[in-house]
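Next comes start_36.txt, a file with compact mmCIF, C-alpha atoms.
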```txt
# COMPACT_ATOMS: atom_id res chain seq x y z
CA MET F 1482 195.09 60.85 -78.36
CA LYS F 1483 191.88 59.69 -76.69
CA GLN F 1484 189.94 57.31 -78.91
CA ALA F 1485 186.58 55.66 -78.29
CA LEU F 1486 184.75 52.74 -79.86
CA LEU F 1487 181.03 53.48 -79.81
CA LEU F 1488 179.00 50.34 -80.50
CA VAL F 1489 175.47 51.19 -81.56
CA SER F 1490 172.56 48.72 -81.43
CA PHE F 1491 168.82 49.03 -81.87
CA GLY F 1492 168.53 47.45 -78.42
CA THR F 1493 166.16 44.98 -76.81
CA SER F 1494 163.90 44.94 -73.76
CA VAL F 1495 163.90 41.11 -73.56
CA PRO F 1496 166.48 40.22 -70.86
CA HIS F 1497 167.72 36.91 -72.27
CA ALA F 1498 168.03 38.43 -75.76
CA ARG F 1499 170.66 40.84 -74.48
CA GLU F 1500 173.20 38.01 -74.64
CA SER F 1501 173.47 38.51 -78.41
CA ILE F 1502 174.38 42.19 -78.11
CA ASP F 1503 176.77 41.49 -75.24
CA ALA F 1504 178.54 38.75 -77.21
CA VAL F 1505 179.05 40.97 -80.27
CA GLU F 1506 180.25 43.85 -78.11
CA ARG F 1507 182.78 41.64 -76.32
CA ALA F 1508 184.12 40.31 -79.61
CA MET F 1509 184.58 43.79 -81.07
CA CYS F 1510 186.19 45.09 -77.88
CA ARG F 1511 188.74 42.27 -78.17
CA THR F 1512 189.36 43.35 -81.75
CA ALA F 1513 190.12 46.94 -80.71
CA PRO F 1514 191.56 46.67 -77.16
CA ASP F 1515 193.20 50.10 -77.29
CA TRP F 1516 189.88 51.88 -77.82
CA THR F 1517 187.61 52.93 -74.94
CA PHE F 1518 184.28 51.09 -75.19
CA CYS F 1519 180.97 52.98 -75.16
CA ARG F 1520 177.42 51.75 -75.90
CA ALA F 1521 174.35 53.39 -77.41
CA PHE F 1522 170.86 52.11 -78.33
CA THR F 1523 168.93 53.78 -81.13
CA SER F 1524 165.42 52.79 -80.00
CA PRO F 1525 163.81 55.44 -77.73
CA THR F 1526 161.17 52.92 -76.63
CA ILE F 1527 163.73 50.38 -75.49
CA ARG F 1528 165.81 53.01 -73.71
CA ARG F 1529 162.67 54.16 -71.86
CA ILE F 1530 161.77 50.61 -70.81
CA LEU F 1531 165.31 49.94 -69.60
CA LYS F 1532 165.35 53.22 -67.66
CA GLN F 1533 162.14 52.18 -65.89
CA ARG F 1534 164.00 49.03 -64.86
CA GLY F 1535 166.92 51.03 -63.49
CA GLU F 1536 169.34 50.81 -66.44
CA THR F 1537 170.39 53.89 -68.38
CA VAL F 1538 171.58 53.38 -71.96
CA LEU F 1539 172.52 56.46 -73.95
CA SER F 1540 171.15 57.49 -77.31
CA LEU F 1541 173.69 58.00 -80.09
CA GLU F 1542 173.43 61.78 -79.70
CA GLU F 1543 173.97 61.57 -75.94
CA ALA F 1544 176.91 59.21 -76.32
CA LEU F 1545 178.66 61.42 -78.87
CA ASP F 1546 178.07 64.58 -76.82
CA GLY F 1547 179.42 62.82 -73.74
CA LEU F 1548 182.56 61.62 -75.50
CA ALA F 1549 183.21 65.11 -76.85
CA SER F 1550 182.81 66.64 -73.39
CA ARG F 1551 185.33 64.13 -72.00
CA GLY F 1552 187.94 65.12 -74.54
CA TYR F 1553 187.85 62.23 -77.01
CA GLN F 1554 189.28 63.36 -80.33
CA THR F 1555 188.72 60.16 -82.34
CA VAL F 1556 185.50 58.12 -82.28
CA ALA F 1557 184.62 55.02 -84.28
CA VAL F 1558 180.88 54.36 -84.50
CA GLN F 1559 180.24 50.71 -85.34
CA PRO F 1560 176.58 49.67 -85.72
CA THR F 1561 175.37 46.17 -84.91
CA HIS F 1562 172.35 46.68 -87.19
CA LEU F 1563 171.84 44.13 -89.97
CA LEU F 1564 170.94 46.38 -92.92
CA CYS F 1565 171.77 49.72 -94.49
CA GLY F 1566 168.18 50.68 -93.74
CA ILE F 1567 166.21 53.39 -91.95
CA GLU F 1568 168.02 53.01 -88.63
CA TYR F 1569 171.43 53.04 -90.30
CA ASP F 1570 170.50 56.16 -92.28
CA LYS F 1571 169.67 57.85 -88.96
CA ILE F 1572 173.04 56.83 -87.52
CA CYS F 1573 174.84 58.34 -90.51
CA ARG F 1574 172.81 61.53 -90.29
CA ILE F 1575 173.48 62.00 -86.57
CA ALA F 1576 177.18 61.29 -87.06
CA ALA F 1577 177.34 63.91 -89.79
CA GLU F 1578 175.71 66.45 -87.46
CA LYS F 1579 178.22 65.70 -84.67
CA ARG F 1580 181.35 65.34 -86.83
CA GLU F 1581 182.65 68.82 -86.05
CA LEU F 1582 182.95 67.87 -82.36
CA PHE F 1583 185.87 65.52 -83.14
CA ASP F 1584 189.10 65.42 -85.06
CA SER F 1585 187.89 62.15 -86.57
CA LEU F 1586 184.47 60.49 -86.48
CA LEU F 1587 184.22 57.22 -88.41
CA VAL F 1588 181.06 55.19 -89.12
CA GLY F 1589 181.24 51.46 -89.89
CA GLU F 1590 178.93 49.34 -91.98
CA PRO F 1591 176.13 47.07 -90.73
CA LEU F 1592 176.30 43.29 -90.97
CA LEU F 1593 174.76 42.73 -94.43
CA SER F 1594 176.37 45.63 -96.24
CA ASP F 1595 177.88 43.91 -99.28
CA THR F 1596 177.67 40.80 -101.45
CA ALA F 1597 180.61 39.07 -99.76
CA SER F 1598 178.96 39.43 -96.33
CA LEU F 1599 175.65 38.09 -97.62
CA ARG F 1600 177.30 35.06 -99.23
CA TYR F 1601 179.33 34.44 -96.07
CA ILE F 1602 176.19 34.38 -93.93
CA ALA F 1603 174.37 32.13 -96.40
CA ARG F 1604 177.21 29.59 -96.16
CA LEU F 1605 177.42 29.95 -92.38
CA LEU F 1606 173.71 29.28 -91.88
CA SER F 1607 173.65 26.51 -94.46
CA ASP F 1608 176.40 24.71 -92.55
CA ARG F 1609 174.67 25.29 -89.23
CA TYR F 1610 171.35 23.82 -90.41
CA PRO F 1611 172.06 20.76 -92.59
CA ALA F 1612 169.36 19.59 -94.98
CA GLU F 1613 166.92 16.95 -93.72
CA HIS F 1614 164.24 15.02 -95.57
CA GLN F 1615 160.84 16.78 -95.60
CA ARG F 1616 162.18 19.45 -93.26
CA ALA F 1617 162.68 23.17 -93.95
CA VAL F 1618 164.50 25.96 -92.18
CA VAL F 1619 162.53 29.22 -92.15
CA PHE F 1620 164.30 32.45 -91.22
CA MET F 1621 162.23 35.31 -89.84
CA GLY F 1622 163.70 38.73 -90.60
CA HIS F 1623 162.32 42.05 -89.44
CA GLY F 1624 161.70 43.59 -92.84
CA THR F 1625 161.52 47.26 -93.76
CA ALA F 1626 159.89 49.68 -96.18
CA HIS F 1627 163.43 50.84 -97.04
CA PHE F 1628 164.94 49.60 -100.30
CA SER F 1629 167.45 47.64 -98.21
CA ASN F 1630 164.65 45.09 -97.72
CA MET F 1631 165.97 43.56 -100.97
CA VAL F 1632 168.67 41.93 -98.83
CA TYR F 1633 166.10 39.29 -97.81
CA PRO F 1634 165.26 38.00 -101.30
CA ALA F 1635 168.98 38.30 -102.12
CA LEU F 1636 169.75 35.98 -99.20
CA GLN F 1637 167.06 33.63 -100.48
CA THR F 1638 168.85 33.55 -103.83
CA ALA F 1639 172.16 32.85 -102.09
CA PHE F 1640 170.61 29.84 -100.34
CA SER F 1641 169.21 28.57 -103.63
CA LEU F 1642 172.60 28.89 -105.34
CA LEU F 1643 174.08 26.81 -102.52
CA GLY F 1644 171.60 24.06 -103.40
CA ARG F 1645 169.41 24.70 -100.35
CA PRO F 1646 165.82 25.22 -101.55
CA ASP F 1647 164.77 24.01 -98.09
CA MET F 1648 166.04 27.26 -96.53
CA LEU F 1649 163.41 29.99 -96.80
CA VAL F 1650 163.54 33.67 -95.84
CA GLY F 1651 160.54 35.72 -94.73
CA THR F 1652 159.92 38.97 -92.86
CA VAL F 1653 157.53 40.35 -90.28
CA GLU F 1654 157.23 43.87 -91.73
CA GLY F 1655 158.55 43.53 -95.28
CA TRP F 1656 158.73 41.08 -98.19
CA PRO F 1657 158.67 38.09 -98.56
CA GLU F 1658 155.84 37.49 -96.09
CA LEU F 1659 154.87 34.35 -94.21
CA THR F 1660 152.11 33.81 -96.76
CA ASP F 1661 154.76 33.41 -99.45
CA ILE F 1662 156.66 30.95 -97.24
CA ARG F 1663 153.58 28.83 -96.52
CA LYS F 1664 152.91 28.39 -100.24
CA ARG F 1665 156.42 27.11 -100.83
CA LEU F 1666 156.27 24.76 -97.84
CA CYS F 1667 153.05 23.28 -99.19
CA GLU F 1668 154.61 22.81 -102.65
CA ARG F 1669 157.59 20.97 -101.12
CA ASP F 1670 155.44 18.69 -98.91
CA VAL F 1671 157.32 19.78 -95.80
CA HIS F 1672 156.42 17.95 -92.58
CA SER F 1673 158.54 19.92 -90.09
CA VAL F 1674 160.10 23.36 -89.86
CA THR F 1675 162.87 24.94 -87.81
CA LEU F 1676 162.05 28.62 -87.23
CA VAL F 1677 165.13 30.84 -86.82
CA PRO F 1678 165.29 34.58 -86.01
CA LEU F 1679 167.20 36.35 -88.77
CA MET F 1680 167.97 39.14 -86.31
CA LEU F 1681 170.84 40.11 -84.07
CA VAL F 1682 168.71 39.39 -81.00
CA ALA F 1683 165.87 37.00 -80.28
CA GLY F 1684 163.79 39.83 -78.87
CA ASP F 1685 160.12 40.73 -78.94
CA HIS F 1686 159.57 39.70 -82.57
CA ALA F 1687 161.17 36.31 -81.99
CA VAL F 1688 159.39 35.71 -78.69
CA ASN F 1689 155.94 36.79 -79.85
CA ASP F 1690 155.65 37.06 -83.65
CA MET F 1691 157.74 33.97 -84.33
CA ALA F 1692 157.45 31.57 -81.39
CA GLY F 1693 154.38 32.86 -79.53
CA ASP F 1694 151.31 30.77 -78.74
CA GLN F 1695 148.86 33.37 -80.07
CA PRO F 1696 146.97 32.29 -83.23
CA ASP F 1697 148.73 34.77 -85.54
CA SER F 1698 152.32 33.84 -84.63
CA TRP F 1699 154.43 32.14 -87.29
CA LYS F 1700 154.62 29.01 -85.16
CA SER F 1701 150.85 28.79 -84.71
CA ARG F 1702 150.08 29.50 -88.37
CA LEU F 1703 152.49 26.80 -89.56
CA GLU F 1704 151.05 24.35 -87.06
CA GLN F 1705 147.62 25.14 -88.51
CA ASP F 1706 149.04 23.82 -91.80
CA GLY F 1707 149.84 20.51 -90.11
CA ILE F 1708 153.57 21.22 -89.84
CA ALA F 1709 155.61 20.35 -86.75
CA VAL F 1710 157.56 23.43 -85.64
CA TYR F 1711 160.78 23.81 -83.64
CA CYS F 1712 161.81 27.34 -82.66
CA VAL F 1713 165.38 28.56 -82.21
CA ARG F 1714 165.30 31.08 -79.39
CA SER F 1715 168.69 32.75 -79.77
CA GLY F 1716 169.73 35.64 -82.00
CA LEU F 1717 172.41 35.71 -84.67
CA GLY F 1718 174.74 37.56 -82.33
CA THR F 1719 175.35 34.40 -80.29
CA LEU F 1720 177.04 32.71 -83.27
CA PRO F 1721 180.86 33.02 -83.31
CA GLY F 1722 180.81 33.27 -87.12
CA ILE F 1723 178.49 36.29 -86.97
CA GLN F 1724 180.65 37.91 -84.31
CA SER F 1725 183.64 37.36 -86.57
CA LEU F 1726 181.95 39.16 -89.47
CA TYR F 1727 181.13 42.15 -87.26
CA CYS F 1728 184.79 42.20 -86.21
CA ASP F 1729 185.87 42.13 -89.86
CA HIS F 1730 183.73 45.23 -90.50
CA LEU F 1731 185.36 46.90 -87.50
CA LYS F 1732 188.85 46.01 -88.72
CA THR F 1733 188.02 47.61 -92.05
CA LEU F 1734 186.73 50.73 -90.31
CA LEU F 1735 189.82 51.07 -88.11
CA ASN F 1736 192.24 49.95 -90.84
CA LEU F 1737 193.57 47.23 -88.53
CA GLU F 1738 194.55 44.92 -91.40
```

Would you mind writing the file's structure down as structure tokens?
Amino acid sequence: MKQALLLVSFGTSVPHARESIDAVERAMCRTAPDWTFCRAFTSPTIRRILKQRGETVLSLEEALDGLASRGYQTVAVQPTHLLCGIEYDKICRIAAEKRELFDSLLVGEPLLSDTASLRYIARLLSDRYPAEHQRAVVFMGHGTAHFSNMVYPALQTAFSLLGRPDMLVGTVEGWPELTDIRKRLCERDVHSVTLVPLMLVAGDHAVNDMAGDQPDSWKSRLEQDGIAVYCVRSGLGTLPGIQSLYCDHLKTLLNLE
């Protein structure tokens, strides 16, 4: 039986940020060595930019149609998305539309899909960024209008329960916002901040919205508050512990354990 592992990411147009996706893909391919690897990006804008640069990355629909035409009977679709949000809903909808093309079409869960995964990541990040006097660690998530945005305040609660009130979670397009973070930094008399992308890749949001030199970037706005800022310029996907969690989701999907 021909079986394919289709790894689906939002994608990125920032060249150095691709390392995060590549690292997660390599880890999951090692987890399922008997499955043929295939890639898809869900962002039409990113696929268009990459095509202009000479690289073709398939959409999920194109990838599934191509696998069906090549005779694959079993396909496992594993997203690298962080939340069960709008993009994940689209993946599930497309998979449902294409299910009749295969004997079996499985869809895995994104990174932060349950309480155990959220607590695991809270511990992982807490260990990676030890507490320092008058210093805070601020995580910048994407944010969404989808109800799954509640993952961000839930992660904030997980940090607090670990005894890490210095670790703060904000979003670019959701809630909490940077305004909420700045109030808490002021209350804690924080002198320095480490800004960390709470995203698979350190792409456009990390480069511009977080670490950019423009006046409205998170870095610039915190510096306006008199805070010294250090920016982490790598995505979550570069961390072995994050790769391991993605692999655990894949093992569950493929019933490997």

Residues within 9 Å of stretch 1629-1632 of chain F, only C-alpha atoms, excluding chain neighbours under 3 positions, as a CSV table (one decimal) with C-alpha atoms, in the coordinates of the input:
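The resulting file, selection25.csv, is reproduced below:
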```csv
chain,number,residue,atom,x,y,z
F,1564,LEU,CA,170.9,46.4,-92.9
F,1565,CYS,CA,171.8,49.7,-94.5
F,1566,GLY,CA,168.2,50.7,-93.7
F,1567,ILE,CA,166.2,53.4,-92.0
F,1593,LEU,CA,174.8,42.7,-94.4
F,1594,SER,CA,176.4,45.6,-96.2
F,1599,LEU,CA,175.6,38.1,-97.6
F,1624,GLY,CA,161.7,43.6,-92.8
F,1625,THR,CA,161.5,47.3,-93.8
F,1626,ALA,CA,159.9,49.7,-96.2
F,1635,ALA,CA,169.0,38.3,-102.1
F,1636,LEU,CA,169.8,36.0,-99.2
F,1637,GLN,CA,167.1,33.6,-100.5
F,1655,GLY,CA,158.6,43.5,-95.3
F,1656,TRP,CA,158.7,41.1,-98.2
```

Exercise for the section: May I ask for the distance between atom CA of F:Tyr1633 and atom CA of F:Arg1663, given in Å to one decimal place? Expected result: 16.4 Å

Problem - Residue among F:Val1677, F:Cys1728, F:Ala1612, F:Met1621 lying closest to F:Pro1657, counting only C-alpha atoms - result: F:Met1621

Practice task
Find the spatial neighbours of F:Pro1514, counting all atoms listed in the file, within a cut-off of 12 Å - ignore same-chain residues fewer than 6 positions away - and output them as a VMD selection string.
Solution key: chain F and resid 1484 to 1486 1506 to 1508 1732 1735 1737

Handout entry: Selection: 7 Å around stretch 1535-1541 of chain F, only C-alpha atoms, excl. self and same-chain fewer than 5 positions, as a PyMOL selection string
Key = chain F and resi 1521-1523+1528

Handout entry: Distance query stretch 1552-1554 of chain F at most 7 Å, all atoms listed in the file, self and fewer than 2 positions along chain excluded, as number ranges by chain
Key = F: 1482-1485, 1548-1550, 1556, 1583-1585

Exercise for the section: Write out as a ChimeraX atom specification the residues lying within 12 Å of F:Gly1693, counting only C-alpha atoms and excluding same-chain residues fewer than 4 positions away. Expected result: /F:1676,1684-1689,1697-1704,1710-1712,1714

Could you write stretch 1707-1724 of chain F as a PDB file, in the coordinates of the input, with N, CA, C and O atoms rebuilt where they are missing?
```
ATOM      1  N   GLY F1707     149.465  21.891 -90.373  1.00  0.00           N
ATOM      2  CA  GLY F1707     149.840  20.510 -90.110  1.00  0.00           C
ATOM      3  C   GLY F1707     151.333  20.261 -90.064  1.00  0.00           C
ATOM      4  O   GLY F1707     151.781  19.115 -90.197  1.00  0.00           O
ATOM      5  N   ILE F1708     152.114  21.322 -89.860  1.00  0.00           N
ATOM      6  CA  ILE F1708     153.570  21.220 -89.840  1.00  0.00           C
ATOM      7  C   ILE F1708     154.062  21.235 -88.399  1.00  0.00           C
ATOM      8  O   ILE F1708     153.634  22.072 -87.588  1.00  0.00           O
ATOM      9  N   ALA F1709     154.965  20.338 -88.062  1.00  0.00           N
ATOM     10  CA  ALA F1709     155.610  20.350 -86.750  1.00  0.00           C
ATOM     11  C   ALA F1709     156.662  21.450 -86.735  1.00  0.00           C
ATOM     12  O   ALA F1709     157.444  21.569 -87.691  1.00  0.00           O
ATOM     13  N   VAL F1710     156.692  22.253 -85.673  1.00  0.00           N
ATOM     14  CA  VAL F1710     157.560  23.430 -85.640  1.00  0.00           C
ATOM     15  C   VAL F1710     158.486  23.387 -84.430  1.00  0.00           C
ATOM     16  O   VAL F1710     158.058  23.152 -83.295  1.00  0.00           O
ATOM     17  N   TYR F1711     159.777  23.635 -84.688  1.00  0.00           N
ATOM     18  CA  TYR F1711     160.780  23.810 -83.640  1.00  0.00           C
ATOM     19  C   TYR F1711     161.316  25.218 -83.750  1.00  0.00           C
ATOM     20  O   TYR F1711     161.689  25.665 -84.842  1.00  0.00           O
ATOM     21  N   CYS F1712     161.372  25.947 -82.646  1.00  0.00           N
ATOM     22  CA  CYS F1712     161.810  27.340 -82.660  1.00  0.00           C
ATOM     23  C   CYS F1712     163.191  27.509 -82.034  1.00  0.00           C
ATOM     24  O   CYS F1712     163.424  27.071 -80.902  1.00  0.00           O
ATOM     25  N   VAL F1713     164.080  28.148 -82.762  1.00  0.00           N
ATOM     26  CA  VAL F1713     165.380  28.560 -82.210  1.00  0.00           C
ATOM     27  C   VAL F1713     165.161  29.859 -81.469  1.00  0.00           C
ATOM     28  O   VAL F1713     164.597  30.809 -82.017  1.00  0.00           O
ATOM     29  N   ARG F1714     165.604  29.924 -80.236  1.00  0.00           N
ATOM     30  CA  ARG F1714     165.300  31.080 -79.390  1.00  0.00           C
ATOM     31  C   ARG F1714     166.551  31.900 -79.042  1.00  0.00           C
ATOM     32  O   ARG F1714     166.639  32.494 -77.972  1.00  0.00           O
ATOM     33  N   SER F1715     167.495  31.927 -79.954  1.00  0.00           N
ATOM     34  CA  SER F1715     168.690  32.750 -79.770  1.00  0.00           C
ATOM     35  C   SER F1715     168.932  33.559 -81.041  1.00  0.00           C
ATOM     36  O   SER F1715     168.609  33.117 -82.148  1.00  0.00           O
ATOM     37  N   GLY F1716     169.489  34.755 -80.869  1.00  0.00           N
ATOM     38  CA  GLY F1716     169.730  35.640 -82.000  1.00  0.00           C
ATOM     39  C   GLY F1716     171.030  35.324 -82.719  1.00  0.00           C
ATOM     40  O   GLY F1716     171.864  34.552 -82.238  1.00  0.00           O
ATOM     41  N   LEU F1717     171.204  35.936 -83.883  1.00  0.00           N
ATOM     42  CA  LEU F1717     172.410  35.710 -84.670  1.00  0.00           C
ATOM     43  C   LEU F1717     173.672  36.098 -83.918  1.00  0.00           C
ATOM     44  O   LEU F1717     174.741  35.527 -84.137  1.00  0.00           O
ATOM     45  N   GLY F1718     173.559  37.064 -83.037  1.00  0.00           N
ATOM     46  CA  GLY F1718     174.740  37.560 -82.330  1.00  0.00           C
ATOM     47  C   GLY F1718     175.412  36.542 -81.445  1.00  0.00           C
ATOM     48  O   GLY F1718     176.571  36.727 -81.050  1.00  0.00           O
ATOM     49  N   THR F1719     174.730  35.445 -81.126  1.00  0.00           N
ATOM     50  CA  THR F1719     175.350  34.400 -80.290  1.00  0.00           C
ATOM     51  C   THR F1719     176.272  33.501 -81.102  1.00  0.00           C
ATOM     52  O   THR F1719     177.027  32.719 -80.516  1.00  0.00           O
ATOM     53  N   LEU F1720     176.225  33.575 -82.426  1.00  0.00           N
ATOM     54  CA  LEU F1720     177.040  32.710 -83.270  1.00  0.00           C
ATOM     55  C   LEU F1720     178.439  33.284 -83.451  1.00  0.00           C
ATOM     56  O   LEU F1720     178.585  34.433 -83.889  1.00  0.00           O
ATOM     57  N   PRO F1721     179.487  32.527 -83.148  1.00  0.00           N
ATOM     58  CA  PRO F1721     180.860  33.020 -83.310  1.00  0.00           C
ATOM     59  C   PRO F1721     181.151  33.515 -84.737  1.00  0.00           C
ATOM     60  O   PRO F1721     181.872  34.497 -84.921  1.00  0.00           O
ATOM     61  N   GLY F1722     180.574  32.853 -85.745  1.00  0.00           N
ATOM     62  CA  GLY F1722     180.810  33.270 -87.120  1.00  0.00           C
ATOM     63  C   GLY F1722     180.223  34.650 -87.423  1.00  0.00           C
ATOM     64  O   GLY F1722     180.790  35.420 -88.206  1.00  0.00           O
ATOM     65  N   ILE F1723     179.095  34.964 -86.805  1.00  0.00           N
ATOM     66  CA  ILE F1723     178.490  36.290 -86.970  1.00  0.00           C
ATOM     67  C   ILE F1723     179.328  37.336 -86.246  1.00  0.00           C
ATOM     68  O   ILE F1723     179.590  38.428 -86.766  1.00  0.00           O
ATOM     69  N   GLN F1724     179.770  37.005 -85.049  1.00  0.00           N
ATOM     70  CA  GLN F1724     180.650  37.910 -84.310  1.00  0.00           C
ATOM     71  C   GLN F1724     181.911  38.213 -85.119  1.00  0.00           C
ATOM     72  O   GLN F1724     182.389  39.356 -85.157  1.00  0.00           O
TER      73      GLN F1724
END
```
